[in-house]
Amino acid sequence: MNQSNGTMLVFIGSYAEAKDNGVYVYRMDTETGALTPLDQVAGLQNPTFLSLDAGKKRLYAIAERLVDGQRQGAAVTFEIDPASGKLTEIGRVGTFDTTTCHIQRDATNRFFAVASYSGGKVGLSAAGENDTVGELLDVRQHEGGSVHPERQDRPHPHSVFFSPDNRFAFVPDLGMDRIRGYRLDPVAGKLAFHGDTAVQPGAGPRHLAFHPNGAYAYVINELDSTVTGFRYDADSGAMRTIQVVSTLPEGFAGENACAEVQISPDGGFLYGSNRGHDSIVVYAIDRETGALSVVEHVSTGGGHPRHFSLSPEGDYLLAANRDSDNIVVFRVDRRSGKLEYTGHTVQASKPVCVKMARFPAR
């Protein structure tokens with residue numbers, strides 16, 4: 001894929017003080033995987049998760065704000081200049097009275113869902129003027145816990161993902177060992193409780209990915225280093241467990257906590273990140289059954305890979321290593337799913353989210 005088909009931009013969110021740069025923009029050479037820095041933005045406290053809308057040239061970041069000395073959630077909207085990679089802030093609003101960890105747009109671009117790990121709640125916000133994040137419409141408080149005495153003494157929603165048909169929002173709750181389903185009511189602007197899907201006790205579900213065919217869903221479990229696969233019934237919005245597989249190689253006895261999960265655009269492979277083993281696990285997906293089989297484990301070339309992203313064509317994977325302050329670029333063999341280090345890496349302070357998209361040439 002050559003650069004004449006447009007510009008591939010890469011956006012990084014990080015742990016950062018407001019006085020320091022917290023969001024980074026790079027141009028990616030899609031022939032070699034090399035990254036060129038274009039912009040850095042300060043003024044945000046811990047912009048740790050991003051949502052990207054390339055069509056509207058918008059980047060959305062969660063952040064923190066101080067209200068009466070208390071840390072609370074905020075959402076910031078940037079306009080993207082695809083030619084220069086420059087970001088211009090065009091909106092900033094408060095979200096929760098607690099900090100947030102995840103933001104996701106719905107398919108209609110009318111709503112944003114946010115999750116608060118520390119506050120145990122999920123919210124729905126409206127899209128505002130000029131494609132910004134607008135007012136908070138609805139909040140749902142989770143209650144309960146599970147078996148881990150420290151990590152699961154209360155609810156911890158870690159993310160929100162809309163179903164492929166946009167009818168439901170699913171929330172992996174690490175503290176409850178549940179994937180909580182909500183029905184999206186677009187007229188009222190509300191999230192209505194739909195049902196819970198249980199994972200194994202002590203799993204700690206964190207992030208979720210739907211298969212491109214819409215028939216399967218997979219959640220990566222932070223606490224017990226597994227992936228749980230589900231058959232998904234789009235009509236009823238119900239998930240039925242297919243399989244639970246380890247993310248770690250046999251014989252590994254160290255501490256580990258999983259983070260991100262993604263599926264290749266062609267639906268052939270699933271990728272997950274291990275923090276501790278510091279690797280990406282690659283699985284092949286059986287298209288007939290949804291079952292996973294391990295292909296390989298590959299070192300991320302750094303410490304604590306909290307997030308990674310596949311390129312839109314599925315030919316590159318970028319890993320964000322928080323503790324080694326680097327982004328590492330891998331080429332993906334789309335036939336085997338295997339990863340090969342390109343030799344390209346860039347430094348970025350405490351990177352914890354990476355998003356990428358191609359912007360058409362003018």
# chains A, B, ... in the order shown; residues from 1 in each chain; ligands from 1
call {"tool": "closest_atom_pairs", "arguments": {"of": "region 85-126 of chain A", "to": "region 148-163 of chain A", "cutoff": "9 Å", "atoms": "only C-alpha atoms", "output": "tab-separated table"}}
result
residue	atom	partner	partner_atom	distance
A:Thr100	CA	A:His158	CA	8.9
A:Cys101	CA	A:His158	CA	6.5
A:His102	CA	A:Ser159	CA	5.3
A:Ile103	CA	A:Val160	CA	7.2
A:Gln104	CA	A:Val160	CA	6.5
A:Arg105	CA	A:Phe162	CA	8.1
A:Asp106	CA	A:Phe162	CA	6.2
A:Ala107	CA	A:Phe162	CA	7.9
A:Ala113	CA	A:Val160	CA	6.4
A:Val114	CA	A:Val160	CA	6.8
A:Ala115	CA	A:Ser159	CA	5.6
A:Ser116	CA	A:Pro157	CA	6.2
A:Tyr117	CA	A:His156	CA	4.5
A:Ser118	CA	A:His156	CA	6.4
A:Gly119	CA	A:His156	CA	7.3
A:Gly120	CA	A:His156	CA	4.9
A:Lys121	CA	A:Pro157	CA	6.5
A:Val122	CA	A:Pro157	CA	7.1
call {"tool": "write_last_selection", "arguments": {"atoms": "all heavy atoms", "output": "short mmCIF file (atom, residue, chain, number, x, y, z; two decimals), in the first residue's frame"}}
result
data_model
loop_
_atom_site.label_atom_id
_atom_site.label_comp_id
_atom_site.auth_asym_id
_atom_site.auth_seq_id
_atom_site.Cartn_x
_atom_site.Cartn_y
_atom_site.Cartn_z
N THR A 100 -12.51 8.61 34.12
CA THR A 100 -12.95 7.64 33.12
C THR A 100 -11.76 6.89 32.54
O THR A 100 -10.61 7.34 32.64
CB THR A 100 -13.72 8.34 31.98
OG1 THR A 100 -12.93 9.44 31.50
CG2 THR A 100 -15.06 8.87 32.47
N CYS A 101 -12.05 5.75 31.91
CA CYS A 101 -10.97 4.92 31.35
C CYS A 101 -11.20 4.57 29.89
O CYS A 101 -10.30 4.01 29.26
CB CYS A 101 -10.80 3.64 32.17
SG CYS A 101 -12.27 2.57 32.19
N HIS A 102 -12.38 4.89 29.32
CA HIS A 102 -12.68 4.43 27.96
C HIS A 102 -13.75 5.32 27.36
O HIS A 102 -14.65 5.78 28.05
CB HIS A 102 -13.18 2.99 28.01
CG HIS A 102 -13.20 2.27 26.69
ND1 HIS A 102 -14.32 2.20 25.90
CD2 HIS A 102 -12.24 1.59 26.03
CE1 HIS A 102 -14.03 1.50 24.80
NE2 HIS A 102 -12.79 1.12 24.86
N ILE A 103 -13.64 5.55 26.05
CA ILE A 103 -14.66 6.28 25.30
C ILE A 103 -14.85 5.61 23.95
O ILE A 103 -13.88 5.16 23.32
CB ILE A 103 -14.29 7.78 25.12
CG1 ILE A 103 -15.42 8.54 24.41
CG2 ILE A 103 -12.95 7.94 24.41
CD1 ILE A 103 -15.23 10.05 24.43
N GLN A 104 -16.11 5.51 23.52
CA GLN A 104 -16.44 4.83 22.27
C GLN A 104 -17.59 5.55 21.58
O GLN A 104 -18.56 5.94 22.24
CB GLN A 104 -16.83 3.38 22.56
CG GLN A 104 -17.10 2.54 21.34
CD GLN A 104 -15.87 1.80 20.86
OE1 GLN A 104 -14.76 2.16 21.20
NE2 GLN A 104 -16.05 0.76 20.08
N ARG A 105 -17.51 5.72 20.27
CA ARG A 105 -18.62 6.30 19.49
C ARG A 105 -19.55 5.20 19.04
O ARG A 105 -19.14 4.07 18.79
CB ARG A 105 -18.08 7.01 18.24
CG ARG A 105 -17.29 8.27 18.48
CD ARG A 105 -16.76 8.84 17.17
NE ARG A 105 -15.84 7.92 16.53
CZ ARG A 105 -16.09 7.25 15.42
NH1 ARG A 105 -17.24 7.37 14.79
NH2 ARG A 105 -15.18 6.44 14.92
N ASP A 106 -20.84 5.55 18.89
CA ASP A 106 -21.75 4.59 18.29
C ASP A 106 -21.70 4.72 16.77
O ASP A 106 -21.07 5.64 16.23
CB ASP A 106 -23.18 4.77 18.83
CG ASP A 106 -23.98 5.80 18.07
OD1 ASP A 106 -23.45 6.90 17.79
OD2 ASP A 106 -25.14 5.52 17.74
N ALA A 107 -22.35 3.81 16.06
CA ALA A 107 -22.24 3.76 14.60
C ALA A 107 -22.89 4.94 13.90
O ALA A 107 -22.56 5.25 12.76
CB ALA A 107 -22.84 2.45 14.08
N ALA A 113 -20.20 6.61 24.45
CA ALA A 113 -20.29 5.89 25.72
C ALA A 113 -18.96 6.01 26.44
O ALA A 113 -17.89 5.90 25.83
CB ALA A 113 -20.64 4.43 25.48
N VAL A 114 -19.03 6.25 27.75
CA VAL A 114 -17.82 6.36 28.56
C VAL A 114 -17.95 5.42 29.75
O VAL A 114 -19.05 5.15 30.24
CB VAL A 114 -17.58 7.80 29.05
CG1 VAL A 114 -17.16 8.70 27.89
CG2 VAL A 114 -18.82 8.37 29.74
N ALA A 115 -16.81 4.91 30.22
CA ALA A 115 -16.78 4.00 31.35
C ALA A 115 -15.87 4.56 32.43
O ALA A 115 -14.82 5.13 32.14
CB ALA A 115 -16.28 2.62 30.92
N SER A 116 -16.28 4.39 33.69
CA SER A 116 -15.48 4.80 34.85
C SER A 116 -15.10 3.56 35.65
O SER A 116 -15.94 2.98 36.33
CB SER A 116 -16.26 5.78 35.73
OG SER A 116 -15.53 6.03 36.93
N TYR A 117 -13.85 3.18 35.55
CA TYR A 117 -13.34 2.03 36.31
C TYR A 117 -13.44 2.31 37.80
O TYR A 117 -13.92 1.48 38.58
CB TYR A 117 -11.88 1.77 35.90
CG TYR A 117 -11.21 0.64 36.63
CD1 TYR A 117 -11.25 -0.66 36.13
CD2 TYR A 117 -10.54 0.86 37.83
CE1 TYR A 117 -10.62 -1.70 36.79
CE2 TYR A 117 -9.91 -0.18 38.50
CZ TYR A 117 -9.96 -1.46 37.99
OH TYR A 117 -9.34 -2.49 38.66
N SER A 118 -12.97 3.48 38.21
CA SER A 118 -12.92 3.80 39.64
C SER A 118 -14.30 4.05 40.23
O SER A 118 -14.56 3.75 41.39
CB SER A 118 -12.02 5.02 39.88
OG SER A 118 -12.50 6.15 39.16
N GLY A 119 -15.22 4.59 39.41
CA GLY A 119 -16.54 4.92 39.91
C GLY A 119 -17.58 3.85 39.71
O GLY A 119 -18.70 3.97 40.21
N GLY A 120 -17.26 2.81 38.94
CA GLY A 120 -18.19 1.71 38.74
C GLY A 120 -19.41 2.09 37.92
O GLY A 120 -20.49 1.53 38.11
N LYS A 121 -19.25 3.00 36.97
CA LYS A 121 -20.42 3.46 36.23
C LYS A 121 -20.14 3.61 34.75
O LYS A 121 -18.98 3.70 34.31
CB LYS A 121 -20.93 4.77 36.81
CG LYS A 121 -19.95 5.92 36.75
CD LYS A 121 -20.48 7.18 37.44
CE LYS A 121 -20.56 7.03 38.93
NZ LYS A 121 -20.95 8.29 39.63
N VAL A 122 -21.23 3.66 33.99
CA VAL A 122 -21.18 3.80 32.54
C VAL A 122 -22.10 4.95 32.17
O VAL A 122 -23.17 5.12 32.77
CB VAL A 122 -21.65 2.50 31.84
CG1 VAL A 122 -21.66 2.67 30.33
CG2 VAL A 122 -20.78 1.34 32.24
#
call {"tool": "residues_around", "arguments": {"residues": "Leu184 (chain A)", "least_positions_apart": "2", "cutoff": "8 Å", "atoms": "only C-alpha atoms", "output": "ChimeraX atom specification"}}
result
/A:166-169,182,186,189-192
call {"tool": "closest_residue", "arguments": {"among": "A:Glu17, A:Asp39, A:Asp131, A:Asp29", "to": "Asp53 (chain A)", "atoms": "only C-alpha atoms"}}
result
A:Asp131
call {"tool": "atom_distance", "arguments": {"atom1": "CA of Leu9 (chain A)", "atom2": "CA of Gly85 (chain A)"}}
result
7.2 Å
call {"tool": "atom_distance", "arguments": {"atom1": "CA of Thr342 (chain A)", "atom2": "CA of Met28 (chain A)"}}
result
12.4 Å
call {"tool": "residues_around", "arguments": {"residues": "Leu339 (chain A)", "least_positions_apart": "2", "cutoff": "9 Å", "atoms": "only C-alpha atoms", "output": "JSON, numbers by chain"}}
result
{"A": [280, 282, 296, 298, 316, 317, 330, 331, 332, 333, 336, 337, 341]}
call {"tool": "atom_distance", "arguments": {"atom1": "CA of Gly290 (chain A)", "atom2": "CA of Thr197 (chain A)"}}
result
17.6 Å
call {"tool": "select_by_dssp", "arguments": {"residues": "region 84-262 of chain A", "states": "strand (DSSP E or B)", "output": "MDAnalysis selection string"}}
result
chainID A and resid 87:94 102:105 111:116 121:127 133:141 157 161:162 168:173 178:185 190:198 205:210 216:221 226:233 238:246 257:262
call {"tool": "closest_residue", "arguments": {"among": "A:Val281, A:Ala357, A:Met8, A:Val93", "to": "Leu136 (chain A)", "atoms": "only C-alpha atoms"}}
result
A:Val93
